[in-house]
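> Quick one: the structure is below, questions incoming.
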Amino acid sequence: MLVPLRMAAQITRGGSRGDIEIGKKARRDAEHLERRWIAEDKAAGRMNPAEYMRRRYALGFGRT
């Protein structure tokens, strides 16, 4: 669900262009979801997303 929220937020520039109401809601919902997931990962002792991506890039993954 995060990708469509982030895409809507990006397309509307966080609610400052186009469909302002949906853009603002999508931005808020995406940020809330990300904060929740980060807190859940930290509580479970999992690595944070930045560290995960650093390791993936170091192994050559994630590049198109």
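In the structure tokens, chains take letters A, B, ... by order of appearance, with residues numbered from 1 within each chain and ligands from 1 in the order shown.
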Where does DSSP see helix (DSSP H, G or I) in chain A, if you list the residues as an MDAnalysis selection string?
chainID A and resid 2:11 20:43 49:58
> Between atom CA of Tyr52 of chain A and atom CA of Ala26 of chain A, what distance in Å does the model show, to one decimal?
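Spanning atom CA of Tyr52 of chain A to atom CA of Ala26 of chain A is a straight-line distance of 24.9 Å.
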> Have a look at A:Ile38, A:Ala58, A:Met53, A:Met7 and name the one nearest to Gly23 of chain A; count only C-alpha atoms.
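Distance minimum relative to Gly23 of chain A lands on A:Met7.
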> To one decimal place in Å, what is the distance between atom CA of Lys24 of chain A and atom CA of Arg6 of chain A?
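If I compute the distance from atom CA of Lys24 of chain A to atom CA of Arg6 of chain A, I get 10.8 Å.
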> Taking 3 positions as the minimum chain separation for residues in the same chain, which residues sit within 8 Å of Leu2 of chain A when counting only C-alpha atoms? Answer as a ChimeraX atom specification.
/A:5-6,30,33-34
> Write the residues of the selection above to a file with N, CA and C atoms, as a PDB file, in the first residue's frame.

```pdb
ATOM      1  N   LEU A   5       0.478   5.252  -2.226  1.00  0.00           N
ATOM      2  CA  LEU A   5       0.415   6.467  -1.410  1.00  0.00           C
ATOM      3  C   LEU A   5       1.538   7.418  -1.775  1.00  0.00           C
ATOM      4  N   ARG A   6       2.761   6.868  -1.867  1.00  0.00           N
ATOM      5  CA  ARG A   6       3.921   7.699  -2.212  1.00  0.00           C
ATOM      6  C   ARG A   6       3.785   8.282  -3.625  1.00  0.00           C
ATOM      7  N   ALA A  30       1.155   7.937   4.055  1.00  0.00           N
ATOM      8  CA  ALA A  30       2.435   7.285   3.742  1.00  0.00           C
ATOM      9  C   ALA A  30       3.439   7.511   4.866  1.00  0.00           C
ATOM     10  N   LEU A  33       2.467   5.359   7.874  1.00  0.00           N
ATOM     11  CA  LEU A  33       2.776   3.959   7.633  1.00  0.00           C
ATOM     12  C   LEU A  33       4.273   3.695   7.757  1.00  0.00           C
ATOM     13  N   GLU A  34       5.085   4.579   7.189  1.00  0.00           N
ATOM     14  CA  GLU A  34       6.538   4.415   7.283  1.00  0.00           C
ATOM     15  C   GLU A  34       6.998   4.490   8.732  1.00  0.00           C
TER      16      GLU A  34
END
```
> Please report the interatomic distance between atom CA of Ser16 of chain A and atom CA of Pro49 of chain A in Å with one decimal.
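Atom-to-atom, atom CA of Ser16 of chain A and atom CA of Pro49 of chain A are spaced 27.6 Å apart.
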> Which one is closest to Ala9 of chain A: A:His32, A:Arg27, A:Phe61, A:Arg55? Count only C-alpha atoms.
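So, comparing all the options, the nearest one is A:Arg27.
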> I need the residue nearest Pro4 of chain A from this list: A:Gly60, A:Ala44, A:Asp29, A:Gly18. Use only C-alpha atoms for the distance.
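That would be A:Asp29, the residue with the smallest distance to Pro4 of chain A.
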> Could you check which of A:Lys42, A:Met1, A:Lys25, A:Tyr57 is closest to Arg13 of chain A, using only C-alpha atoms?
A:Lys25
